[in-house]
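**Student:** Before I ask anything, let me first share the structure, which is written out below as structure tokens.
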Amino acid sequence: MKAIALPRHGGADDLELTEQPTPAVAPGEFLVRVKAAGVNPGDEKIAVGTLDGIMVTHFPLIPGFEMSGVVEARGFGATEFEIGDEVIGFVVKDWAQNGTYAELVSAPARTLARKPASWDWLHAACLPLNGLTAYQAIKRINIGENDTVLIHGAAGGVGTLAVQIAADRGANVIGTASERNHDYLRELGATPVSYGEGLAERVRELAPAGVDAALDFYGGDAVAVSRKVLKYPARVASVADITAPDQGGQLVWARANADELTEVAALAESGKLSVPVNRSFPLEQAADAWRMLHAASRARGRIVLDIDAA
């Protein structure tokens with residue numbers, strides 16, 4: 001199969017289009033023919049070695065964790081899907097090696113859900129990781145009906161989905177974003193507020209009694225600012241600040257969960273979720289996709305590899 005691979009730690013300049021053997025399919029796993037693969041900052045962090053302290057990496061490394069595709073084969077005891085089923089996946093294992101920047105990937109059942117039927121391959125490939133991150137963060141601090149929730153980084157990949165999921169749960173959402181994204185947040189159902197100095201005061205103007213919960217998808221001082229406006233300081237969860245627990249909040253790291261991914265996919269199929277795609281690249285241009293990820297770090301919409309989405 002064709003796959004992007006690195007022989008050792010490296011960045012965009014080290015990505016190579018290679019021929020790799022078809023992945024072995026362990027019991028309880030499925031072999032999936034990848035149609036599209038989502039591109040995420042974490043893919044590069046694994047590749048350059050930034051996350052070596054928390055995830056073992058084997059080489060040659062095929063990057064990537066997100067994908068949409070079609071089940072091509074089943075391992076022993078893998079009964080959740082039939083050959084030919086269309087799926088999405090957050091394909092994370094106990095180590096990094098055989099990722100989704102490839103024509104084929106072996107995926108444990110716990111990492112997969114049925115693809116939203118009305119979504120195309122490119123958009124569907126951008127749903128699993130960000131969708132699970134948003135969904136699990138919202139569950140962690142139990143955001144529900146009539147809660148007022150502050151979402152930092154609300155126009156980003158995870159924030160966009162968190163706004164929509166929280167709104168579907170009946171929450172009132174205040175979302176931080178640059179002014180050029182304020183109309184976009186209004187379309188998603190959030191009240192926008194600008195980043196920067198004085199944020200706590202601006203939030204207080206919108207919610208004089210304080211907010212019930214806060215989600216940090218931005219980093220920086222977002223947790224500290226949140227605690228100034230929270231009614232209950234412990235109801236803050238961050239995916240970007242590893243010091244959140246030291247500040248009395250919670251740190252969220254997305255976990256593969258088939259049931260939760262199925263719930264996210266159901267929201268997408270019902271029309272309650274949307275994911276903007278900024279640009280797609282063919283597999284052989286994965287390096288350009290990574291470069292654009294840096295250049296467009298503040299741009300709206302996801303970057304995705306079109307492997308066989310036609």
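Residues in the structure tokens are numbered from 1 in each chain, the chains being A, B, ... in the order shown, and ligands are numbered from 1 in the order shown.
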What residues in stretch 54-245 of chain A get the DSSP label alpha helix (DSSP H)? Please answer as number ranges by chain.
**Tutor:** A: 121-125, 128-140, 157-168, 182-188, 199-206, 222-229
**Student:** So that I can see what lies close to A:Lys272, please list as a PyMOL selection string the residues with an atom at most 10 Å from it, counting only C-alpha atoms and leaving out residues fewer than 6 positions away in the same chain.
**Tutor:** chain A and resi 161+164-165+167-168+188+264-266
**Student:** Near stretch 240-257 of chain A, counting only C-alpha atoms, which residues have an atom at most 6 Å away, once you skip same-chain residues fewer than 5 positions from it, shown as a ChimeraX atom specification?
**Tutor:** /A:110-111,133,217,219,234
**Student:** Write a file of the selected residues as a compact mmCIF listing (two decimals), in the first residue's frame, keeping C-alpha atoms.
**Tutor:**
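The result, stored in out38.txt:
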```
# COMPACT_ATOMS: atom_id res chain seq x y z
CA ARG A 110 -13.32 0.61 19.99
CA THR A 111 -11.94 3.28 17.61
CA THR A 133 -12.48 15.83 22.35
CA PHE A 217 -9.41 24.85 23.70
CA GLY A 219 -4.35 27.59 26.23
CA ALA A 234 -13.85 23.41 39.53
```
**Student:** Excluding A:Ala5 and any residue of its chain fewer than 2 positions from it, enumerate the residues within 6 Å of it, using only C-alpha atoms, and give them as a CSV table (one decimal) with N, CA, C and O atoms, in the first residue's frame.
**Tutor:**
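Saved as selection-v8.csv:
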```csv
chain,number,residue,atom,x,y,z
A,15,LEU,N,8.8,13.9,5.5
A,15,LEU,CA,7.7,13.0,5.1
A,15,LEU,C,7.9,12.4,3.7
A,15,LEU,O,8.3,13.2,2.8
A,16,GLU,N,7.7,11.1,3.6
A,16,GLU,CA,8.0,10.5,2.3
A,16,GLU,C,6.8,9.6,1.9
A,16,GLU,O,6.2,9.0,2.7
A,61,LEU,N,7.4,5.3,10.9
A,61,LEU,CA,6.1,5.8,11.4
A,61,LEU,C,5.2,6.4,10.3
A,61,LEU,O,5.6,7.2,9.5
A,62,ILE,N,4.0,5.9,10.3
A,62,ILE,CA,2.9,6.4,9.4
A,62,ILE,C,2.1,7.3,10.3
A,62,ILE,O,1.5,6.8,11.3
```
**Student:** Go through stretch 76-204 of chain A and collect every residue that DSSP, computed from the backbone, puts in strand (DSSP E); the answer should be as a PyMOL selection string.
**Tutor:** chain A and resi 86-90+95-98+104-108+112-114+148-152+172-176+190-193
**Student:** Could you write out the selected residues, including N, CA and C atoms, as a CSV table (one decimal), in the first residue's frame?
**Tutor:**
```
chain,number,residue,atom,x,y,z
A,86,GLU,N,-19.2,1.7,5.7
A,86,GLU,CA,-18.6,2.9,5.7
A,86,GLU,C,-18.4,3.4,7.2
A,87,VAL,N,-17.2,3.7,7.6
A,87,VAL,CA,-16.9,4.0,9.0
A,87,VAL,C,-16.0,5.3,9.1
A,88,ILE,N,-16.0,5.8,10.3
A,88,ILE,CA,-15.1,6.9,10.7
A,88,ILE,C,-14.3,6.4,11.9
A,89,GLY,N,-13.1,6.9,12.1
A,89,GLY,CA,-12.4,6.4,13.2
A,89,GLY,C,-11.4,7.4,13.8
A,90,PHE,N,-11.2,7.3,15.1
A,90,PHE,CA,-10.1,7.9,15.8
A,90,PHE,C,-9.2,6.7,16.2
A,95,TRP,N,0.6,2.6,21.0
A,95,TRP,CA,1.8,3.1,20.5
A,95,TRP,C,1.5,3.8,19.2
A,96,ALA,N,2.4,4.6,18.7
A,96,ALA,CA,2.2,5.2,17.3
A,96,ALA,C,3.1,4.5,16.3
A,97,GLN,N,2.5,4.1,15.2
A,97,GLN,CA,3.3,3.5,14.1
A,97,GLN,C,2.5,3.5,12.8
A,98,ASN,N,1.4,2.7,12.8
A,98,ASN,CA,0.6,2.5,11.6
A,98,ASN,C,-0.6,3.4,11.6
A,104,LEU,N,-4.4,2.0,3.7
A,104,LEU,CA,-5.1,1.0,4.5
A,104,LEU,C,-4.6,1.2,6.0
A,105,VAL,N,-5.5,1.0,6.9
A,105,VAL,CA,-5.2,1.0,8.3
A,105,VAL,C,-5.9,0.0,9.1
A,106,SER,N,-5.2,-0.6,10.1
A,106,SER,CA,-5.9,-1.6,11.0
A,106,SER,C,-6.4,-0.8,12.2
A,107,ALA,N,-7.7,-1.1,12.5
A,107,ALA,CA,-8.4,-0.2,13.5
A,107,ALA,C,-9.1,-1.1,14.5
A,108,PRO,N,-8.8,-1.0,15.8
A,108,PRO,CA,-9.6,-1.7,16.8
A,108,PRO,C,-11.1,-1.3,16.8
A,112,LEU,N,-13.9,2.9,16.2
A,112,LEU,CA,-14.7,3.1,15.0
A,112,LEU,C,-16.1,3.4,15.3
A,113,ALA,N,-16.8,4.0,14.3
A,113,ALA,CA,-18.2,4.2,14.3
A,113,ALA,C,-18.7,4.3,12.9
A,114,ARG,N,-20.0,4.1,12.7
A,114,ARG,CA,-20.5,4.3,11.3
A,114,ARG,C,-20.4,5.7,10.8
A,148,THR,N,-24.7,28.4,31.5
A,148,THR,CA,-24.0,29.3,30.7
A,148,THR,C,-22.5,28.9,30.6
A,149,VAL,N,-22.0,28.6,29.5
A,149,VAL,CA,-20.7,28.1,29.3
A,149,VAL,C,-19.8,29.0,28.5
A,150,LEU,N,-18.6,29.2,29.0
A,150,LEU,CA,-17.6,30.0,28.3
A,150,LEU,C,-16.6,29.0,27.6
A,151,ILE,N,-16.5,29.2,26.2
A,151,ILE,CA,-15.7,28.3,25.4
A,151,ILE,C,-14.5,29.1,24.8
A,152,HIS,N,-13.3,28.9,25.3
A,152,HIS,CA,-12.1,29.5,24.7
A,152,HIS,C,-11.7,28.8,23.4
A,172,ASN,N,-26.3,27.9,27.1
A,172,ASN,CA,-26.1,29.2,26.5
A,172,ASN,C,-24.6,29.4,26.4
A,173,VAL,N,-24.1,29.6,25.2
A,173,VAL,CA,-22.6,29.6,24.9
A,173,VAL,C,-22.1,31.0,24.7
A,174,ILE,N,-21.0,31.3,25.4
A,174,ILE,CA,-20.2,32.5,25.1
A,174,ILE,C,-18.9,32.0,24.6
A,175,GLY,N,-18.5,32.4,23.4
A,175,GLY,CA,-17.3,31.9,22.8
A,175,GLY,C,-16.3,32.9,22.5
A,176,THR,N,-15.0,32.7,22.8
A,176,THR,CA,-13.9,33.6,22.5
A,176,THR,C,-13.4,33.4,21.1
A,190,ALA,N,-23.6,30.8,19.3
A,190,ALA,CA,-22.8,31.3,20.4
A,190,ALA,C,-22.9,32.8,20.4
A,191,THR,N,-22.7,33.4,21.6
A,191,THR,CA,-22.4,34.9,21.7
A,191,THR,C,-20.9,35.1,21.7
A,192,PRO,N,-20.4,35.8,20.7
A,192,PRO,CA,-19.0,36.0,20.6
A,192,PRO,C,-18.4,37.0,21.6
A,193,VAL,N,-17.2,36.8,21.9
A,193,VAL,CA,-16.4,37.8,22.7
A,193,VAL,C,-15.0,37.8,22.3
```
**Student:** Atom CA of A:Trp121 to atom CA of A:Glu269: how many Å, to one decimal?
**Tutor:** 13.2 Å
**Student:** Give the answer as one residue: which of A:Lys93, A:Lys228, A:Arg202, A:Arg235 has the shortest atom-to-atom distance to A:Ala214, using only C-alpha atoms?
**Tutor:**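 Under the stated criterion, the closest residue is A:Arg235.
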**Student:** How many Å lie between atom CA of A:Pro208 and atom CA of A:Ile143, rounded to one decimal?
**Tutor:**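 Atom-to-atom, atom CA of A:Pro208 and atom CA of A:Ile143 are spaced 19.1 Å apart.
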**Student:** Counting only C-alpha atoms, figure out which residue out of A:Leu6, A:Leu51, A:Ala109, A:Ile46 gets nearest to A:Val32.
**Tutor:** A:Ala109
**Student:** When you count only C-alpha atoms, which of these residues is closest to A:Ala102: A:Arg8, A:His58, A:Arg140, A:Lys2?
**Tutor:**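 For A:Ala102, the nearest of the given residues is A:Lys2.
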